[in-house]
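*Asks:* I'm passing along upload-v9.json; it holds JSON, C-alpha atoms.
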```json
[["chain", "number", "residue", "atom", "x", "y", "z"],
["U", 1, "MET", "CA", 0.00, 0.00, 0.00],
["U", 2, "ILE", "CA", 1.03, 3.62, -0.55],
["U", 3, "ASN", "CA", 1.44, 5.42, 2.72],
["U", 4, "GLU", "CA", -0.47, 8.69, 3.04],
["U", 5, "GLU", "CA", 1.50, 11.46, 4.73],
["U", 6, "ASN", "CA", 0.10, 14.61, 6.26],
["U", 7, "SER", "CA", 0.61, 17.36, 3.67],
["U", 8, "SER", "CA", 1.98, 19.66, 6.36],
["U", 9, "ASN", "CA", 4.97, 17.31, 6.75],
["U", 10, "LEU", "CA", 5.78, 17.25, 3.04],
["U", 11, "ASN", "CA", 8.63, 19.09, 1.41],
["U", 12, "THR", "CA", 9.77, 19.20, -2.18],
["U", 13, "SER", "CA", 12.03, 16.17, -1.72],
["U", 14, "ASP", "CA", 8.95, 14.08, -0.93],
["U", 15, "LEU", "CA", 7.33, 14.83, -4.29],
["U", 16, "PRO", "CA", 8.08, 13.14, -7.62],
["U", 17, "SER", "CA", 8.99, 15.41, -10.52],
["U", 18, "MET", "CA", 6.31, 16.58, -12.91],
["U", 19, "PRO", "CA", 7.99, 14.86, -15.93],
["U", 20, "ALA", "CA", 7.95, 11.57, -14.02],
["U", 21, "LEU", "CA", 4.27, 11.92, -13.10],
["U", 22, "LEU", "CA", 3.32, 12.82, -16.67],
["U", 23, "ALA", "CA", 5.30, 9.86, -18.00],
["U", 24, "PHE", "CA", 3.51, 7.55, -15.56],
["U", 25, "GLU", "CA", 0.06, 8.97, -16.36],
["U", 26, "ARG", "CA", 0.53, 8.76, -20.14],
["U", 27, "ALA", "CA", 2.03, 5.26, -19.98],
["U", 28, "ALA", "CA", -0.95, 4.12, -17.92],
["U", 29, "ALA", "CA", -3.42, 5.80, -20.32],
["U", 30, "ARG", "CA", -1.75, 4.25, -23.38],
["U", 31, "SER", "CA", -0.68, 0.95, -21.78],
["U", 32, "SER", "CA", 2.54, 1.61, -23.65],
["U", 33, "PHE", "CA", 5.77, 3.52, -23.21],
["U", 34, "VAL", "CA", 5.80, 4.09, -26.97],
["U", 35, "GLY", "CA", 2.35, 5.70, -26.86],
["U", 36, "ALA", "CA", 3.34, 7.83, -23.88],
["U", 37, "ALA", "CA", 6.49, 8.95, -25.69],
["U", 38, "ARG", "CA", 4.42, 9.98, -28.71],
["U", 39, "ASP", "CA", 2.03, 12.03, -26.54],
["U", 40, "LEU", "CA", 4.80, 13.80, -24.64],
["U", 41, "GLY", "CA", 7.27, 14.25, -27.47],
["U", 42, "ARG", "CA", 9.92, 12.12, -25.75],
["U", 43, "THR", "CA", 11.63, 8.84, -26.55],
["U", 44, "PRO", "CA", 10.28, 5.49, -25.26],
["U", 45, "SER", "CA", 13.58, 5.02, -23.45],
["U", 46, "ALA", "CA", 13.13, 8.34, -21.63],
["U", 47, "ILE", "CA", 9.60, 7.33, -20.59],
["U", 48, "SER", "CA", 10.85, 3.94, -19.36],
["U", 49, "HIS", "CA", 13.63, 5.54, -17.31],
["U", 50, "ALA", "CA", 11.24, 8.14, -15.84],
["U", 51, "VAL", "CA", 8.79, 5.43, -14.72],
["U", 52, "LYS", "CA", 11.64, 3.28, -13.34],
["U", 53, "ASP", "CA", 12.98, 6.23, -11.35],
["U", 54, "LEU", "CA", 9.48, 6.86, -9.99],
["U", 55, "GLU", "CA", 9.09, 3.24, -8.96],
["U", 56, "ASP", "CA", 12.50, 3.29, -7.27],
["U", 57, "ARG", "CA", 11.58, 6.50, -5.45],
["U", 58, "LEU", "CA", 8.29, 5.03, -4.20],
["U", 59, "GLY", "CA", 9.69, 1.57, -3.59],
["U", 60, "ILE", "CA", 6.71, 0.11, -5.41],
["U", 61, "SER", "CA", 6.13, -1.52, -8.80],
["U", 62, "LEU", "CA", 3.59, 0.51, -10.73],
["U", 63, "PHE", "CA", 3.52, -1.58, -13.91],
["U", 64, "GLU", "CA", 3.80, -5.15, -15.01],
["U", 65, "ARG", "CA", 5.77, -5.39, -18.27],
["U", 66, "VAL", "CA", 3.93, -7.58, -20.75],
["U", 67, "GLY", "CA", 5.91, -7.72, -23.99],
["U", 68, "ARG", "CA", 5.76, -4.23, -25.51],
["U", 69, "SER", "CA", 2.78, -3.30, -23.37],
["U", 70, "VAL", "CA", 2.51, -2.37, -19.73],
["U", 71, "LYS", "CA", -0.23, -3.13, -17.24],
["U", 72, "LEU", "CA", -0.90, -1.34, -14.00],
["U", 73, "THR", "CA", -0.35, -3.18, -10.76],
["U", 74, "LYS", "CA", -2.96, -2.80, -8.03],
["U", 75, "ALA", "CA", -0.81, -0.17, -6.32],
["U", 76, "GLY", "CA", -0.26, 1.52, -9.68],
["U", 77, "ALA", "CA", -4.02, 1.76, -10.29],
["U", 78, "ILE", "CA", -4.51, 3.39, -6.88],
["U", 79, "TYR", "CA", -1.66, 5.82, -7.51],
["U", 80, "LEU", "CA", -2.93, 6.62, -11.02],
["U", 81, "ASP", "CA", -6.29, 7.74, -9.63],
["U", 82, "ALA", "CA", -4.55, 10.19, -7.28],
["U", 83, "VAL", "CA", -2.16, 11.43, -9.97],
["U", 84, "GLN", "CA", -4.92, 12.02, -12.53],
["U", 85, "THR", "CA", -7.04, 13.86, -9.97],
["U", 86, "SER", "CA", -4.11, 16.06, -8.99],
["U", 87, "LEU", "CA", -3.11, 16.78, -12.60],
["U", 88, "SER", "CA", -6.72, 17.61, -13.48],
["U", 89, "GLU", "CA", -7.02, 19.99, -10.54],
["U", 90, "LEU", "CA", -3.70, 21.61, -11.40],
["U", 91, "GLN", "CA", -4.78, 22.06, -15.03],
["U", 92, "ALA", "CA", -8.10, 23.60, -13.96],
["U", 93, "ALA", "CA", -6.36, 25.94, -11.50],
["U", 94, "THR", "CA", -3.92, 27.00, -14.22],
["U", 95, "ARG", "CA", -6.75, 27.76, -16.62],
["U", 96, "ARG", "CA", -8.60, 29.77, -13.97],
["U", 97, "LEU", "CA", -5.46, 31.76, -13.23],
["U", 98, "VAL", "CA", -4.82, 32.47, -16.91],
["U", 99, "ARG", "CA", -8.42, 33.52, -17.44],
["U", 100, "SER", "CA", -8.34, 35.79, -14.39],
["U", 101, "GLN", "CA", -5.21, 37.46, -15.70],
["U", 102, "GLU", "CA", -6.63, 37.80, -19.20],
["U", 103, "ALA", "CA", -9.78, 39.33, -17.73],
["U", 104, "GLN", "CA", -7.67, 42.21, -16.44],
["U", 105, "VAL", "CA", -6.15, 42.96, -19.87],
["U", 106, "ILE", "CA", -7.81, 45.72, -21.91],
["U", 107, "ARG", "CA", -6.68, 46.04, -25.54],
["U", 108, "VAL", "CA", -7.51, 49.43, -27.05],
["U", 109, "SER", "CA", -6.99, 50.12, -30.75],
["U", 110, "ALA", "CA", -6.80, 53.81, -31.66],
["U", 111, "LEU", "CA", -5.55, 56.05, -34.44],
["U", 112, "PRO", "CA", -1.96, 57.26, -33.91],
["U", 113, "PHE", "CA", -2.97, 60.92, -33.55],
["U", 114, "PHE", "CA", -5.64, 60.15, -30.93],
["U", 115, "THR", "CA", -3.13, 58.00, -29.06],
["U", 116, "SER", "CA", -0.55, 60.81, -29.01],
["U", 117, "ALA", "CA", -2.96, 63.63, -28.20],
["U", 118, "ILE", "CA", -5.32, 61.95, -25.72],
["U", 119, "LEU", "CA", -4.37, 58.47, -24.57],
["U", 120, "LEU", "CA", -0.69, 58.81, -23.71],
["U", 121, "PRO", "CA", -0.97, 62.10, -21.78],
["U", 122, "ASN", "CA", -3.78, 60.58, -19.67],
["U", 123, "LEU", "CA", -2.37, 57.06, -19.29],
["U", 124, "GLY", "CA", -0.84, 57.81, -15.88],
["U", 125, "ARG", "CA", -4.23, 58.77, -14.49],
["U", 126, "PHE", "CA", -5.78, 55.53, -15.76],
["U", 127, "GLU", "CA", -3.03, 53.48, -14.11],
["U", 128, "ALA", "CA", -3.48, 55.39, -10.85],
["U", 129, "ASP", "CA", -7.28, 55.02, -10.84],
["U", 130, "TYR", "CA", -7.38, 51.41, -12.07],
["U", 131, "PRO", "CA", -4.16, 49.63, -11.06],
["U", 132, "GLN", "CA", -5.88, 46.24, -11.42],
["U", 133, "TYR", "CA", -5.95, 46.53, -15.23],
["U", 134, "ASP", "CA", -3.29, 46.00, -17.87],
["U", 135, "LEU", "CA", -4.18, 48.59, -20.52],
["U", 136, "ARG", "CA", -2.54, 47.79, -23.86],
["U", 137, "LEU", "CA", -2.62, 50.47, -26.54],
["U", 138, "GLU", "CA", -2.43, 49.43, -30.18],
["U", 139, "THR", "CA", -2.06, 52.24, -32.71],
["U", 140, "SER", "CA", -3.24, 51.67, -36.25],
["U", 141, "ASN", "CA", -4.83, 53.56, -39.12],
["U", 142, "GLY", "CA", -6.48, 50.35, -40.28],
["U", 143, "TYR", "CA", -9.76, 48.71, -39.36],
["U", 144, "ALA", "CA", -9.92, 46.96, -35.98],
["U", 145, "ASP", "CA", -12.04, 43.78, -36.11],
["U", 146, "ILE", "CA", -13.63, 43.83, -32.66],
["U", 147, "LEU", "CA", -15.95, 40.89, -33.36],
["U", 148, "ASN", "CA", -13.00, 38.63, -34.16],
["U", 149, "GLY", "CA", -11.09, 39.65, -31.07],
["U", 150, "GLU", "CA", -8.44, 41.95, -32.56],
["U", 151, "ALA", "CA", -9.09, 44.36, -29.68],
["U", 152, "ASP", "CA", -11.55, 44.88, -26.83],
["U", 153, "ILE", "CA", -12.17, 48.51, -27.75],
["U", 154, "ALA", "CA", -11.69, 50.49, -30.97],
["U", 155, "LEU", "CA", -11.58, 54.28, -31.10],
["U", 156, "ARG", "CA", -12.41, 55.37, -34.64],
["U", 157, "PHE", "CA", -14.27, 57.81, -36.83],
["U", 158, "GLY", "CA", -17.49, 56.67, -38.47],
["U", 159, "GLU", "CA", -20.38, 54.45, -37.47],
["U", 160, "GLU", "CA", -20.20, 50.67, -37.09],
["U", 161, "HIS", "CA", -23.35, 49.13, -38.53],
["U", 162, "SER", "CA", -23.57, 45.83, -36.67],
["U", 163, "GLU", "CA", -26.17, 44.47, -34.27],
["U", 164, "ASP", "CA", -23.34, 42.90, -32.27],
["U", 165, "LEU", "CA", -21.42, 46.14, -31.65],
["U", 166, "VAL", "CA", -21.92, 49.21, -29.51],
["U", 167, "CYS", "CA", -20.83, 52.43, -31.24],
["U", 168, "LYS", "CA", -20.93, 55.27, -28.72],
["U", 169, "PRO", "CA", -19.95, 58.82, -29.79],
["U", 170, "LEU", "CA", -17.16, 60.22, -27.61],
["U", 171, "ILE", "CA", -16.58, 63.66, -29.09],
["U", 172, "ALA", "CA", -17.50, 65.67, -32.20],
["U", 173, "VAL", "CA", -14.50, 67.06, -34.06],
["U", 174, "GLY", "CA", -14.14, 69.51, -36.91],
["U", 175, "GLY", "CA", -11.35, 70.92, -39.03],
["U", 176, "GLN", "CA", -9.34, 73.90, -37.82],
["U", 177, "PRO", "CA", -6.66, 75.44, -40.09],
["U", 178, "ILE", "CA", -3.29, 75.52, -38.30],
["U", 179, "ALA", "CA", 0.17, 76.72, -39.27],
["U", 180, "SER", "CA", 3.46, 77.52, -37.62],
["U", 181, "PRO", "CA", 4.04, 81.12, -36.44],
["U", 182, "SER", "CA", 7.07, 81.36, -38.74],
["U", 183, "TYR", "CA", 5.00, 80.34, -41.77],
["U", 184, "LEU", "CA", 2.33, 82.92, -41.01],
["U", 185, "LYS", "CA", 4.95, 85.61, -40.43],
["U", 186, "ASN", "CA", 6.62, 85.03, -43.78],
["U", 187, "SER", "CA", 3.50, 84.38, -45.90],
["U", 188, "LEU", "CA", 0.61, 86.36, -47.27],
["U", 189, "PRO", "CA", -2.03, 87.15, -44.63],
["U", 190, "VAL", "CA", -5.25, 85.12, -44.38],
["U", 191, "ARG", "CA", -8.06, 87.65, -43.98],
["U", 192, "GLN", "CA", -10.83, 86.01, -45.97],
["U", 193, "LEU", "CA", -11.77, 82.55, -47.24],
["U", 194, "GLN", "CA", -10.32, 82.97, -50.74],
["U", 195, "ASP", "CA", -6.91, 83.78, -49.26],
["U", 196, "PHE", "CA", -6.37, 80.08, -48.54],
["U", 197, "ASN", "CA", -5.95, 79.51, -52.29],
["U", 198, "ARG", "CA", -2.71, 81.51, -52.15],
["U", 199, "HIS", "CA", -1.14, 79.21, -49.58],
["U", 200, "THR", "CA", 0.37, 75.74, -49.52],
["U", 201, "LEU", "CA", -2.30, 73.40, -48.15],
["U", 202, "ILE", "CA", -1.29, 70.20, -46.40],
["U", 203, "HIS", "CA", -3.54, 67.18, -46.94],
["U", 204, "VAL", "CA", -3.83, 63.71, -45.40],
["U", 205, "ARG", "CA", -4.25, 60.97, -47.99],
["U", 206, "PRO", "CA", -7.05, 58.97, -46.26],
["U", 207, "ASN", "CA", -9.17, 62.14, -46.19],
["U", 208, "GLU", "CA", -8.02, 64.25, -49.13],
["U", 209, "LYS", "CA", -11.45, 65.90, -49.45],
["U", 210, "ALA", "CA", -11.27, 67.38, -45.94],
["U", 211, "TRP", "CA", -10.03, 70.77, -47.13],
["U", 212, "GLN", "CA", -12.72, 71.07, -49.82],
["U", 213, "ASN", "CA", -15.41, 70.01, -47.31],
["U", 214, "TRP", "CA", -14.14, 72.59, -44.81],
["U", 215, "PHE", "CA", -14.05, 75.25, -47.52],
["U", 216, "THR", "CA", -17.62, 74.46, -48.55],
["U", 217, "ALA", "CA", -18.83, 74.46, -44.93],
["U", 218, "HIS", "CA", -17.52, 78.02, -44.64],
["U", 219, "GLY", "CA", -19.54, 79.12, -47.68],
["U", 220, "GLY", "CA", -16.83, 78.76, -50.32],
["U", 221, "ASP", "CA", -17.21, 77.18, -53.74],
["U", 222, "GLU", "CA", -14.22, 75.45, -55.33],
["U", 223, "LEU", "CA", -10.91, 75.32, -53.51],
["U", 224, "ASN", "CA", -8.12, 76.04, -56.00],
["U", 225, "SER", "CA", -4.88, 76.08, -54.06],
["U", 226, "LYS", "CA", -1.93, 75.93, -56.46],
["U", 227, "HIS", "CA", 0.44, 74.45, -53.88],
["U", 228, "ASN", "CA", -0.43, 71.21, -52.09],
["U", 229, "LEU", "CA", 1.43, 68.66, -49.98],
["U", 230, "ILE", "CA", -0.06, 65.22, -49.30],
["U", 231, "PHE", "CA", 0.93, 62.94, -46.40],
["U", 232, "ASP", "CA", -0.13, 59.43, -45.45],
["U", 233, "SER", "CA", -0.91, 60.30, -41.83],
["U", 234, "ILE", "CA", -2.02, 63.17, -39.62],
["U", 235, "LEU", "CA", 1.22, 62.96, -37.66],
["U", 236, "GLY", "CA", 3.21, 63.43, -40.89],
["U", 237, "ALA", "CA", 1.08, 66.44, -41.77],
["U", 238, "LEU", "CA", 1.66, 67.96, -38.34],
["U", 239, "ASP", "CA", 5.41, 67.54, -38.72],
["U", 240, "ALA", "CA", 5.16, 69.45, -42.00],
["U", 241, "VAL", "CA", 3.23, 72.21, -40.25],
["U", 242, "LYS", "CA", 5.87, 72.48, -37.51],
["U", 243, "ASN", "CA", 8.53, 72.82, -40.18],
["U", 244, "GLY", "CA", 6.70, 75.78, -41.71],
["U", 245, "LEU", "CA", 5.70, 74.06, -44.95],
["U", 246, "GLY", "CA", 2.08, 75.17, -45.11],
["U", 247, "ILE", "CA", -1.38, 75.09, -43.53],
["U", 248, "ALA", "CA", -3.10, 71.88, -42.41],
["U", 249, "LEU", "CA", -6.48, 71.03, -40.95],
["U", 250, "GLY", "CA", -6.21, 70.05, -37.31],
["U", 251, "MET", "CA", -8.96, 68.01, -35.65],
["U", 252, "TYR", "CA", -10.56, 70.51, -33.30],
["U", 253, "PRO", "CA", -10.80, 70.35, -30.29],
["U", 254, "LEU", "CA", -8.45, 67.33, -30.12],
["U", 255, "ILE", "CA", -5.66, 69.35, -31.74],
["U", 256, "SER", "CA", -5.58, 71.66, -28.72],
["U", 257, "ALA", "CA", -4.33, 68.73, -26.60],
["U", 258, "TYR", "CA", -1.52, 67.79, -28.99],
["U", 259, "ARG", "CA", 2.01, 68.69, -27.96],
["U", 260, "GLY", "CA", 3.20, 71.94, -29.52],
["U", 261, "TYR", "CA", -0.23, 73.50, -29.93],
["U", 262, "GLY", "CA", 0.03, 77.25, -29.37],
["U", 263, "VAL", "CA", 3.81, 77.20, -29.85],
["U", 264, "ASP", "CA", 4.86, 75.10, -32.85],
["U", 265, "PHE", "CA", 1.55, 75.68, -34.61],
["U", 266, "VAL", "CA", -1.34, 78.07, -34.01],
["U", 267, "PRO", "CA", -4.90, 78.48, -35.34],
["U", 268, "VAL", "CA", -5.22, 80.35, -38.62],
["U", 269, "SER", "CA", -9.01, 80.67, -38.37],
["U", 270, "LYS", "CA", -11.91, 79.21, -36.43],
["U", 271, "PRO", "CA", -13.31, 75.74, -37.17],
["U", 272, "ALA", "CA", -16.54, 75.51, -39.14],
["U", 273, "ALA", "CA", -19.42, 75.20, -36.71],
["U", 274, "GLY", "CA", -21.39, 72.76, -38.90],
["U", 275, "PHE", "CA", -18.45, 70.70, -40.15],
["U", 276, "THR", "CA", -18.05, 67.93, -37.57],
["U", 277, "MET", "CA", -17.88, 64.16, -37.32],
["U", 278, "ASN", "CA", -17.89, 61.82, -34.32],
["U", 279, "TYR", "CA", -14.96, 60.01, -32.82],
["U", 280, "ASN", "CA", -16.52, 56.80, -31.49],
["U", 281, "PHE", "CA", -16.04, 54.20, -28.77],
["U", 282, "ILE", "CA", -16.69, 50.75, -30.26],
["U", 283, "CYS", "CA", -16.87, 47.39, -28.48],
["U", 284, "GLN", "CA", -18.85, 44.15, -28.54],
["U", 285, "LYS", "CA", -22.40, 44.59, -27.27],
["U", 286, "THR", "CA", -22.04, 41.60, -24.95],
["U", 287, "ALA", "CA", -18.97, 43.20, -23.31],
["U", 288, "PHE", "CA", -20.25, 46.77, -23.01],
["U", 289, "ARG", "CA", -21.39, 46.37, -19.40],
["U", 290, "ASP", "CA", -18.20, 44.65, -18.25],
["U", 291, "ARG", "CA", -16.51, 46.60, -15.48],
["U", 292, "LYS", "CA", -13.23, 46.94, -17.35],
["U", 293, "ILE", "CA", -15.01, 48.33, -20.44],
["U", 294, "GLN", "CA", -17.07, 50.77, -18.38],
["U", 295, "HIS", "CA", -14.00, 51.94, -16.44],
["U", 296, "THR", "CA", -12.13, 52.56, -19.70],
["U", 297, "LEU", "CA", -15.10, 54.47, -21.13],
["U", 298, "LYS", "CA", -15.30, 56.61, -17.98],
["U", 299, "TRP", "CA", -11.58, 57.42, -18.24],
["U", 300, "LEU", "CA", -11.92, 58.43, -21.89],
["U", 301, "GLU", "CA", -14.99, 60.57, -21.29],
["U", 302, "CYS", "CA", -13.26, 62.34, -18.42],
["U", 303, "SER", "CA", -10.13, 62.95, -20.50],
["U", 304, "LEU", "CA", -12.15, 64.39, -23.38],
["U", 305, "SER", "CA", -14.40, 66.50, -21.16],
["U", 306, "GLN", "CA", -11.33, 68.39, -19.94],
["U", 307, "ILE", "CA", -10.49, 69.33, -23.53],
["U", 308, "THR", "CA", -14.08, 70.32, -24.28],
["U", 309, "ASN", "CA", -14.27, 72.52, -21.18],
["U", 310, "GLU", "CA", -10.97, 74.21, -21.99],
["U", 311, "ASN", "CA", -12.18, 75.14, -25.49],
["U", 312, "ARG", "CA", -15.54, 76.63, -24.55]]
```
Show the structure stored in the file as structure tokens.

*Replies:*
Amino acid sequence: MINEENSSNLNTSDLPSMPALLAFERAAARSSFVGAARDLGRTPSAISHAVKDLEDRLGISLFERVGRSVKLTKAGAIYLDAVQTSLSELQAATRRLVRSQEAQVIRVSALPFFTSAILLPNLGRFEADYPQYDLRLETSNGYADILNGEADIALRFGEEHSEDLVCKPLIAVGGQPIASPSYLKNSLPVRQLQDFNRHTLIHVRPNEKAWQNWFTAHGGDELNSKHNLIFDSILGALDAVKNGLGIALGMYPLISAYRGYGVDFVPVSKPAAGFTMNYNFICQKTAFRDRKIQHTLKWLECSLSQITNENR
């Protein structure tokens, strides 16, 4: 019989190694060292030696060798039941632990500009208010497939037309012409709408019609600027502005939170009151009420309300 010891008297030298227990369990399940070796990615010889070492440690024969097969002894069958129960409990505990850790992870996908202007400056406050979460920011100009698990939350322009998604507006933004002080000092003045046609206008490729839409919203007809620069991203366009290369459309009021606003670049004119679009909070409908989602939403709304209040 296998003697049962009080667990409080056990130390690590009393316990067989995990590789030995797995070799024993698989050999018993397969009635074969070869089968156990295949399951565990080891050689049959390694399985045989592991079981032999376990038997020597316990001072008990666990298997009867029958040709190429093995058969559990009575003591081996009793020990197998305990080993399988323990391994099953350990596996379940491991899965629970992994799930509990994953439940604390929040993956947020946002556009690079929004990340730079809003998320990063306010990240310290999130970590202070919600230290239990692991907030992971993923910046991308591409589509974030929330339904297929690419992220828990997406922060994007435009509506998501899906019954399985929540699309909650966070803030309405519009275009505000911005330029560096040096550019404005050395260029023709902008006193009326048509004066923009005499300047270099900086565009962002994914939204090349933004300038024309802004111009129209202000009551203009056709924008005919003779000098244009086109960049693949908003951040690239802002770098061009800082270097005094022309006038770009900043996303107001978000632009007021971006580093360098008021110093490296300044407003050229006011944003068009009727020319706005929503920046949205998007997540799976089934997850919207989760505490971690609601806490993230609260943090974002608070961060954006500060900007809105400052620009009133």

*Asks:* Between U:Tyr183, U:Phe288, U:Phe33, U:Tyr130, single out the one closest to Asn243 (chain U), counting only C-alpha atoms.

*Replies:*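 Comparing U:Tyr183, U:Phe288, U:Phe33, U:Tyr130 against Asn243 (chain U), the winner is U:Tyr183.
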
*Asks:* As a list in words, please: the residues near region 262-268 of chain U (cut-off 6 Å, only C-alpha atoms, same-chain neighbours under 6 positions excluded).

*Replies:*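 Using only C-alpha atoms, the neighbours found are Pro177, Ile178, Ala179, Ser180 and Lys242 of chain U.
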
*Asks:* Generate the output file for the selected residues, C-alpha atoms, as a PDB file, in the coordinates of the input.

*Replies:*
```pdb
ATOM      1  CA  PRO U 177      -6.660  75.440 -40.090  1.00  0.00           C
ATOM      2  CA  ILE U 178      -3.290  75.520 -38.300  1.00  0.00           C
ATOM      3  CA  ALA U 179       0.170  76.720 -39.270  1.00  0.00           C
ATOM      4  CA  SER U 180       3.460  77.520 -37.620  1.00  0.00           C
ATOM      5  CA  LYS U 242       5.870  72.480 -37.510  1.00  0.00           C
TER       6      LYS U 242
END
```

*Asks:* Using all atoms listed in the file, which of the listed residues (U:Leu223, U:Leu87, U:Val70, U:Ala77) sits closest to Leu21 (chain U)?

*Replies:* U:Leu87

*Asks:* Would you mind listing what lies within 10 Å of Gln212 (chain U) as a PDB file with C-alpha atoms, in the coordinates of the input, with only C-alpha atoms counted and same-chain residues fewer than 5 positions away left out?

*Replies:*
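Once written, around_8.pdb looks like this:
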```
ATOM      1  CA  ALA U 217     -18.830  74.460 -44.930  1.00  0.00           C
ATOM      2  CA  HIS U 218     -17.520  78.020 -44.640  1.00  0.00           C
ATOM      3  CA  GLY U 220     -16.830  78.760 -50.320  1.00  0.00           C
ATOM      4  CA  ASP U 221     -17.210  77.180 -53.740  1.00  0.00           C
ATOM      5  CA  GLU U 222     -14.220  75.450 -55.330  1.00  0.00           C
ATOM      6  CA  LEU U 223     -10.910  75.320 -53.510  1.00  0.00           C
ATOM      7  CA  ASN U 224      -8.120  76.040 -56.000  1.00  0.00           C
TER       8      ASN U 224
END
```

*Asks:* I'd like to know which of U:Arg191, U:Lys185, U:Lys209, U:Arg107 is closest to Leu155 (chain U), using only C-alpha atoms.

*Replies:*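 Smallest distance to Leu155 (chain U) is found for U:Arg107.
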
*Asks:* Would you list the contacts of Leu54 (chain U) as a PDB file with C-alpha atoms, in the coordinates of the input, taking every protein, DNA or RNA residue within 8 Å and counting all atoms listed in the file, but skipping same-chain residues closer than 3 positions in sequence?

*Replies:*
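Result file is out.pdb:
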```
ATOM      1  CA  PRO U  16       8.080  13.140  -7.620  1.00  0.00           C
ATOM      2  CA  ALA U  20       7.950  11.570 -14.020  1.00  0.00           C
ATOM      3  CA  LEU U  21       4.270  11.920 -13.100  1.00  0.00           C
ATOM      4  CA  ALA U  50      11.240   8.140 -15.840  1.00  0.00           C
ATOM      5  CA  VAL U  51       8.790   5.430 -14.720  1.00  0.00           C
ATOM      6  CA  ARG U  57      11.580   6.500  -5.450  1.00  0.00           C
ATOM      7  CA  LEU U  58       8.290   5.030  -4.200  1.00  0.00           C
TER       8      LEU U  58
END
```

*Asks:* Would you mind telling me which residue in U:Gly246, U:His199, U:Ile255, U:Ala210 lies nearest to Ser225 (chain U) when using only C-alpha atoms?

*Replies:*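 Going through U:Gly246, U:His199, U:Ile255, U:Ala210 one by one, the smallest distance to Ser225 (chain U) is for U:His199.
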
*Asks:* State, in Å with one decimal place, the distance from CA of His203 (chain U) to CA of Ile171 (chain U).

*Replies:*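 CA of Ile171 (chain U) lies 22.4 Å from CA of His203 (chain U).
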
*Asks:* With all atoms listed in the file as the basis for distance, which of U:Glu310, U:Asp134, U:Asp14, U:Asp164 is at the shortest distance from Gln104 (chain U)?

*Replies:*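 Under the stated criterion, the closest residue is U:Asp134.
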
*Asks:* Record the distance separating CA of Asp232 (chain U) and CA of Arg205 (chain U), expressed in Å with one decimal.

*Replies:* 5.1 Å

*Asks:* Which residue gives the smallest distance to Tyr252 (chain U) among U:Ser48, U:Asn207, U:Thr308, U:Ser140, with only C-alpha atoms counted?

*Replies:*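 Of U:Ser48, U:Asn207, U:Thr308, U:Ser140, the one nearest Tyr252 (chain U) is U:Thr308, counting only C-alpha atoms.
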
*Asks:* Phe126 (chain U): which residues within 12 Å, counting all atoms listed in the file, same-chain residues fewer than 6 positions away excluded, as a PyMOL selection string?

*Replies:* chain U and resi 106+118-120+132-136+292+295-303

*Asks:* Please compute the CA of Ala172 (chain U)-CA of Ile307 (chain U) distance, one decimal, in Å.

*Replies:* 11.7 Å

*Asks:* Using only C-alpha atoms, can you list as JSON, numbers by chain the residues within 10 Å of (-1.0, 5.4, -8.1)?

*Replies:* {"U": [1, 2, 21, 24, 25, 28, 60, 61, 62, 72, 73, 74, 75, 76, 77, 78, 79, 80, 81, 82, 83, 84]}

*Asks:* With the cut-off set at 8 Å and counting only C-alpha atoms, tabulate each residue of region 213-295 of chain U with an atom at most that distance from an atom of region 142-154 of chain U, showing the nearest atom pair and its distance in Å to one decimal, ordered by chain and increasing number, as a Markdown table.

*Replies:*
```
| residue | atom | partner | partner_atom | distance |
| --- | --- | --- | --- | --- |
| U:Asn280 | CA | U:Ala154 | CA | 8.0 |
| U:Phe281 | CA | U:Ala154 | CA | 6.1 |
| U:Ile282 | CA | U:Ala154 | CA | 5.1 |
| U:Cys283 | CA | U:Ile153 | CA | 4.9 |
| U:Gln284 | CA | U:Leu147 | CA | 6.5 |
| U:Ile293 | CA | U:Ile153 | CA | 7.8 |
```

*Asks:* Add whatever atoms are absent from region 209-214 of chain U to reach N, CA, C and O atoms, and provide the output as a compact mmCIF listing (two decimals), keeping the file's coordinate frame.

*Replies:*
```txt
# COMPACT_ATOMS: atom_id res chain seq x y z
N LYS U 209 -10.36 64.95 -49.20
CA LYS U 209 -11.45 65.90 -49.45
C LYS U 209 -11.74 66.79 -48.25
O LYS U 209 -12.65 67.63 -48.29
N ALA U 210 -10.98 66.63 -47.17
CA ALA U 210 -11.27 67.38 -45.94
C ALA U 210 -11.19 68.88 -46.17
O ALA U 210 -12.06 69.64 -45.70
N TRP U 211 -10.16 69.33 -46.91
CA TRP U 211 -10.03 70.77 -47.13
C TRP U 211 -11.20 71.32 -47.95
O TRP U 211 -11.75 72.37 -47.63
N GLN U 212 -11.60 70.60 -49.00
CA GLN U 212 -12.72 71.07 -49.82
C GLN U 212 -14.01 71.10 -48.99
O GLN U 212 -14.81 72.03 -49.09
N ASN U 213 -14.21 70.05 -48.16
CA ASN U 213 -15.41 70.01 -47.31
C ASN U 213 -15.41 71.17 -46.32
O ASN U 213 -16.46 71.78 -46.06
N TRP U 214 -14.24 71.46 -45.75
CA TRP U 214 -14.14 72.59 -44.81
C TRP U 214 -14.43 73.91 -45.53
O TRP U 214 -15.15 74.76 -45.02
```
